[in-house]
Amino acid sequence: MSSQQKFKRVILIGGSMAGLLGARVLSDHFEQVILLERDPRPTGPEPRKGAPHARHIHALLGAGVETLDAFFPGLVRELTAEGAVLVDMGRDGALFQAGQWKRRYVLGIETVLCTRVFLEWKIRCRIAAIPNVEIRYETSAEALLWDEARTRVTGVRVKTGGAEETLEADLVVDASGRGSRASRWLEQLGYEPPPVEEVGIDLAYSSRLYAPPEDASRDWKLLIVYPNPPENSRAGIVSSVEGGRWIVTLSGYFGDHPPTDEEGFLAFTRTLSTPHVAEALARARPLSEPVRHKVPSSRWLHYEKLERLPESFILFGDSVCAFNPIYGQGMSVISLCARLLGEQLTAHTRASPGSLHGFSQRFQRKLAGFLTVPWKISTTMDLKYPQTQGQRYFGMKLVHWGFDAMIGLAAVTEETGKPFYDMLHMKRGAEALMSPGYLAALVGYGLKRRFASPEPSDVHRMPRAPL
Ligand SMILES: Cc1cc2nc3c(=O)[nH]c(=O)nc-3n(C[C@H](O)[C@H](O)[C@H](O)COP(=O)(O)OP(=O)(O)OC[C@H]3O[C@@H](n4cnc5c(N)ncnc54)[C@H](O)[C@@H]3O)c2cc1C
């Protein structure tokens, strides 16, 4: 087999973000891609049982938008033509973070505001149009199949309705989300369970859709009032989405969960660091009841640390690493991981045409290398709260000081804001934050905040967007 020839069949378990994007990439490398999804076939952009989180706000980082548009050319145009809202995060986003408003300026980081169900539906339609991809709905993966030596996964035992069937494959991909049973399946066959890294946050979201009021003076399309650790752990987000609607999400850590009744939901908005979410909702008309979703922890299953992993079996998406959603990383990270999967498979088959031997372990290690930065960003932020359950590390206080100074600095000047937001949106690494000029500005800003008497932040005065 030449490096151009395809393997026969890959099976992906789970037809959500990781499964769909994995299918897109693997359709270039396999003659047949089978995607197994437990839920019934959706008939449109609607919530489904297997992805209850899809009812809540789902922001895409800049790198996520670019990667999705590269996977599905014209996707961003298609989404916006059907009502999704294309924004520049700096110009169109009003962000209140670390006790101050970020100045409004054009960041050059574009994102698309839409509901998760709409985005997933559009991606699902693109996947369904790929000739060598078959999505089997109402089909659940029940167990893995093995070779006699139990060193290689050879397929999946599946159940459709009451009927069981076995499906052989050259590669099996677990993309079944946080509830993945993969570690149990492996344990039953004598493999060690992966070490689990968990940062407990006891977070919950409450979200509902609104019809926004007419207001010619409103110049934002996204309003985010972030929590401000360690003092304040409540957040509120109002985001324009398709259909001329808003999705409004409130969140609270450590059991301080936003209510789902009308009065409690609105009362929670009045306790945020600024009154703007409450003011925005005062004349808005609710279109749905609030729904809640709990996120007990950020969790990373370190499959890459296992001495032994079976051949022909890989995992990615939330089944490996599920982040605190407040930082909006999940889907963008998954899109970049899918791209990594494609690149790694190309490199592997170039080196050993026709063979997947050694690929599983190599991929899980590369994946872990990639996940380290986003994981560190989100968990380090969360570990600012004394109530967060997790491993603190030496020097973390200095990192917290640095993050605060970076956020503060990004709020006041454009030159320092761009490299910081490029890093947060995963468009570039942290190199630009290491330049002598940036570091000097950072230290100067941090010291000023530390020793100067604090300037009272005018929480009421939201900066205007540039003309
Ligand atoms: C409240 C909340 C808000 C979020 N907000 C954001 C955000 O703003 N931005 C962002 O980028 N990310 C966000 N995320 C994260 C994002 O939703 C996840 O990272 C992403 O959905 C994970 O995709 P996945 O495919 O790995 O898993 P999931 O979306 O959990 O999907 C798993 C799929 O596998 C199926 N399945 C499970 N077991 C089986 C089986 N045995 N056989 C067949 N099918 C099976 C399920 O039915 C489901 O469809 C948020 C998450 C939550 C919880």
# chains A, B, ... in the order shown; residues from 1 in each chain; ligands from 1

$ residues_near_ligand --ligand "ligand 1" --cutoff "6 Å" --atoms "only C-alpha atoms and all ligand atoms" --output "MDAnalysis selection string"
chainID A and resid 13:19 36:39 50:51 53 56:60 139:142 175:178 180 205 293 317:319 325 328:332

$ write_last_selection --atoms "C-alpha atoms" --output "short mmCIF file (atom, residue, chain, number, x, y, z; two decimals), in the first residue's frame"
data_model
loop_
_atom_site.label_atom_id
_atom_site.label_comp_id
_atom_site.auth_asym_id
_atom_site.auth_seq_id
_atom_site.Cartn_x
_atom_site.Cartn_y
_atom_site.Cartn_z
CA ILE A 13 -18.05 6.04 18.58
CA GLY A 14 -20.16 9.17 19.16
CA GLY A 15 -21.67 11.49 16.56
CA SER A 16 -21.18 14.83 18.28
CA MET A 17 -18.42 17.43 17.77
CA ALA A 18 -15.42 15.11 18.09
CA GLY A 19 -17.05 12.28 16.11
CA LEU A 36 -22.04 5.41 15.57
CA GLU A 37 -24.50 7.65 17.41
CA ARG A 38 -26.86 6.51 20.14
CA ASP A 39 -29.38 9.31 19.53
CA GLY A 50 -26.99 12.76 24.09
CA ALA A 51 -25.83 16.40 24.09
CA HIS A 53 -25.04 20.85 26.98
CA HIS A 56 -26.25 26.45 26.48
CA ILE A 57 -24.07 29.14 24.99
CA HIS A 58 -21.28 27.73 22.82
CA ALA A 59 -18.67 30.27 21.82
CA LEU A 60 -16.07 29.51 19.17
CA THR A 139 -26.77 2.63 17.36
CA SER A 140 -24.75 2.31 20.50
CA ALA A 141 -21.26 0.91 20.92
CA GLU A 142 -21.48 -1.85 23.53
CA ALA A 175 -15.38 10.15 20.65
CA SER A 176 -18.21 9.42 23.06
CA GLY A 177 -17.74 12.41 25.36
CA ARG A 178 -17.48 12.73 29.11
CA SER A 180 -17.14 7.43 27.63
CA TYR A 205 -25.02 27.03 33.78
CA HIS A 293 -26.41 21.98 33.20
CA GLY A 317 -12.64 15.02 22.47
CA ASP A 318 -14.30 15.21 25.88
CA SER A 319 -13.76 11.49 26.39
CA PRO A 325 -16.82 25.59 29.58
CA GLY A 328 -15.09 28.56 25.59
CA GLN A 329 -12.30 26.14 24.60
CA GLY A 330 -14.00 22.74 24.06
CA MET A 331 -15.11 22.78 20.41
CA SER A 332 -12.15 24.83 19.19
#

$ closest_atom_pairs --of "stretch 276-364 of chain A" --to "stretch 226-231 of chain A" --cutoff "12 Å" --atoms "only C-alpha atoms" --output "JSON lines"
{"residue": "A:Val277", "atom": "CA", "partner": "A:Tyr226", "partner_atom": "CA", "distance": 11.3}
{"residue": "A:Ile326", "atom": "CA", "partner": "A:Tyr226", "partner_atom": "CA", "distance": 8.7}
{"residue": "A:Tyr327", "atom": "CA", "partner": "A:Tyr226", "partner_atom": "CA", "distance": 9.7}

$ closest_residue --among "A:Gly93, A:Gly244, A:Pro194, A:Gly162" --to "A:Glu138" --atoms "only C-alpha atoms"
A:Gly162

$ residues_around --residues "A:Arg339" --least-positions-apart "2" --cutoff "12 Å" --atoms "only C-alpha atoms" --output "VMD selection string"
chain A and resid 18 21 to 26 28 63 to 64 66 to 68 70 to 71 316 332 to 337 341 to 346 363 366 to 367 370

$ residues_around --residues "A:Phe254" --least-positions-apart "4" --cutoff "8 Å" --atoms "only C-alpha atoms" --output "compact mmCIF listing (two decimals) with N, CA, C and O atoms, in the first residue's frame"
# COMPACT_ATOMS: atom_id res chain seq x y z
N ILE A 201 -14.87 22.07 40.40
CA ILE A 201 -15.36 23.45 40.38
C ILE A 201 -16.85 23.55 40.74
O ILE A 201 -17.34 24.64 40.99
N ASP A 202 -17.56 22.43 40.71
CA ASP A 202 -19.00 22.42 41.04
C ASP A 202 -19.73 23.61 40.40
O ASP A 202 -20.38 24.40 41.07
N LEU A 203 -19.60 23.69 39.08
CA LEU A 203 -20.15 24.80 38.31
C LEU A 203 -21.52 24.41 37.74
O LEU A 203 -21.78 23.23 37.51
N GLN A 387 -11.67 27.58 46.90
CA GLN A 387 -12.58 26.42 46.98
C GLN A 387 -12.32 25.38 45.89
O GLN A 387 -12.83 24.26 45.95
N THR A 388 -11.58 25.75 44.85
CA THR A 388 -11.34 24.80 43.75
C THR A 388 -10.53 23.62 44.25
O THR A 388 -9.53 23.79 44.94

$ residues_around --residues "stretch 396-402 of chain A" --least-positions-apart "2" --cutoff "9 Å" --atoms "only C-alpha atoms" --output "list in words"
Thr380, Met381, Leu383, Lys384, Arg392, Tyr393, Phe394, Asp404, Ala405, Met406, Ile407, Leu442, Val443 and Gly446 of chain A

$ write_last_selection --atoms "all heavy atoms" --output "short mmCIF file (atom, residue, chain, number, x, y, z; two decimals), in the first residue's frame"
data_model
loop_
_atom_site.label_atom_id
_atom_site.label_comp_id
_atom_site.auth_asym_id
_atom_site.auth_seq_id
_atom_site.Cartn_x
_atom_site.Cartn_y
_atom_site.Cartn_z
N THR A 380 -5.54 26.79 35.70
CA THR A 380 -4.80 27.76 36.53
C THR A 380 -5.71 28.92 36.92
O THR A 380 -5.68 29.38 38.06
CB THR A 380 -3.55 28.26 35.77
OG1 THR A 380 -2.71 27.14 35.50
CG2 THR A 380 -2.76 29.27 36.59
N MET A 381 -6.53 29.36 35.97
CA MET A 381 -7.49 30.43 36.30
C MET A 381 -8.42 29.95 37.43
O MET A 381 -8.69 30.67 38.38
CB MET A 381 -8.36 30.79 35.09
CG MET A 381 -7.59 31.23 33.88
SD MET A 381 -7.26 32.98 33.88
CE MET A 381 -7.90 33.47 32.30
N LEU A 383 -7.95 27.70 39.66
CA LEU A 383 -7.27 27.45 40.94
C LEU A 383 -7.02 28.75 41.73
O LEU A 383 -6.49 28.72 42.83
CB LEU A 383 -5.97 26.66 40.71
CG LEU A 383 -6.22 25.18 40.39
CD1 LEU A 383 -4.99 24.53 39.77
CD2 LEU A 383 -6.65 24.40 41.63
N LYS A 384 -7.43 29.87 41.15
CA LYS A 384 -7.37 31.12 41.93
C LYS A 384 -8.39 31.12 43.07
O LYS A 384 -8.25 31.83 44.05
CB LYS A 384 -7.68 32.32 41.01
CG LYS A 384 -6.46 32.98 40.44
CD LYS A 384 -6.80 34.28 39.76
CE LYS A 384 -6.53 35.46 40.66
NZ LYS A 384 -6.82 36.74 39.99
N ARG A 392 -2.31 22.29 43.39
CA ARG A 392 -1.64 23.58 43.17
C ARG A 392 -0.16 23.33 42.95
O ARG A 392 0.38 22.35 43.45
CB ARG A 392 -1.86 24.50 44.37
CG ARG A 392 -3.15 25.28 44.25
CD ARG A 392 -3.99 25.29 45.49
NE ARG A 392 -5.23 26.03 45.25
CZ ARG A 392 -6.42 25.45 45.17
NH1 ARG A 392 -6.56 24.15 45.30
NH2 ARG A 392 -7.50 26.18 44.93
N TYR A 393 0.49 24.20 42.18
CA TYR A 393 1.90 23.96 41.90
C TYR A 393 2.75 25.15 42.33
O TYR A 393 2.24 26.27 42.50
CB TYR A 393 2.12 23.63 40.41
CG TYR A 393 1.58 24.64 39.43
CD1 TYR A 393 2.32 25.74 39.02
CD2 TYR A 393 0.30 24.50 38.89
CE1 TYR A 393 1.83 26.66 38.11
CE2 TYR A 393 -0.22 25.43 38.00
CZ TYR A 393 0.55 26.51 37.61
OH TYR A 393 0.04 27.43 36.72
N PHE A 394 4.04 24.86 42.48
CA PHE A 394 4.97 25.89 42.92
C PHE A 394 4.99 27.03 41.89
O PHE A 394 5.09 26.78 40.70
CB PHE A 394 6.37 25.28 43.09
CG PHE A 394 7.40 26.30 43.53
CD1 PHE A 394 7.40 26.79 44.83
CD2 PHE A 394 8.34 26.78 42.63
CE1 PHE A 394 8.33 27.73 45.24
CE2 PHE A 394 9.27 27.73 43.02
CZ PHE A 394 9.26 28.20 44.32
N ASP A 404 -3.43 38.16 35.69
CA ASP A 404 -4.21 39.36 36.03
C ASP A 404 -3.64 40.57 35.30
O ASP A 404 -4.39 41.39 34.76
CB ASP A 404 -4.16 39.62 37.55
CG ASP A 404 -5.07 38.68 38.29
OD1 ASP A 404 -5.85 37.98 37.62
OD2 ASP A 404 -4.98 38.62 39.53
N ALA A 405 -2.30 40.66 35.31
CA ALA A 405 -1.68 41.82 34.66
C ALA A 405 -1.93 41.76 33.15
O ALA A 405 -2.20 42.78 32.51
CB ALA A 405 -0.19 41.85 34.97
N MET A 406 -1.87 40.56 32.57
CA MET A 406 -2.12 40.44 31.12
C MET A 406 -3.54 40.86 30.76
O MET A 406 -3.77 41.56 29.77
CB MET A 406 -1.92 38.99 30.67
CG MET A 406 -0.49 38.59 30.49
SD MET A 406 -0.45 36.94 29.78
CE MET A 406 0.81 36.19 30.74
N ILE A 407 -4.50 40.41 31.59
CA ILE A 407 -5.91 40.76 31.31
C ILE A 407 -6.08 42.27 31.45
O ILE A 407 -6.69 42.93 30.60
CB ILE A 407 -6.86 40.02 32.28
CG1 ILE A 407 -6.83 38.51 31.99
CG2 ILE A 407 -8.29 40.54 32.16
CD1 ILE A 407 -7.51 37.66 33.05
N LEU A 442 4.19 44.65 30.96
CA LEU A 442 3.44 43.80 31.90
C LEU A 442 3.88 44.07 33.34
O LEU A 442 3.05 44.26 34.23
CB LEU A 442 3.70 42.34 31.54
CG LEU A 442 2.85 41.30 32.24
CD1 LEU A 442 1.41 41.39 31.75
CD2 LEU A 442 3.39 39.90 32.00
N VAL A 443 5.20 44.07 33.54
CA VAL A 443 5.70 44.27 34.90
C VAL A 443 5.31 45.68 35.39
O VAL A 443 4.83 45.85 36.51
CB VAL A 443 7.24 44.06 34.95
CG1 VAL A 443 7.81 44.47 36.29
CG2 VAL A 443 7.57 42.60 34.65
N GLY A 446 1.66 45.64 36.23
CA GLY A 446 1.39 44.85 37.43
C GLY A 446 1.81 45.61 38.68
O GLY A 446 1.09 45.62 39.69
#

$ select_by_dssp --residues "stretch 304-455 of chain A" --states "strand (DSSP E)" --output "list in words"
Phe313, Ile314, Leu315, Cys321 and Ala322 of chain A

$ select_by_dssp --residues "stretch 95-294 of chain A" --states "alpha helix (DSSP H)" --output "PyMOL selection string"
chain A and resi 116-128+182-188+262-269+276-282
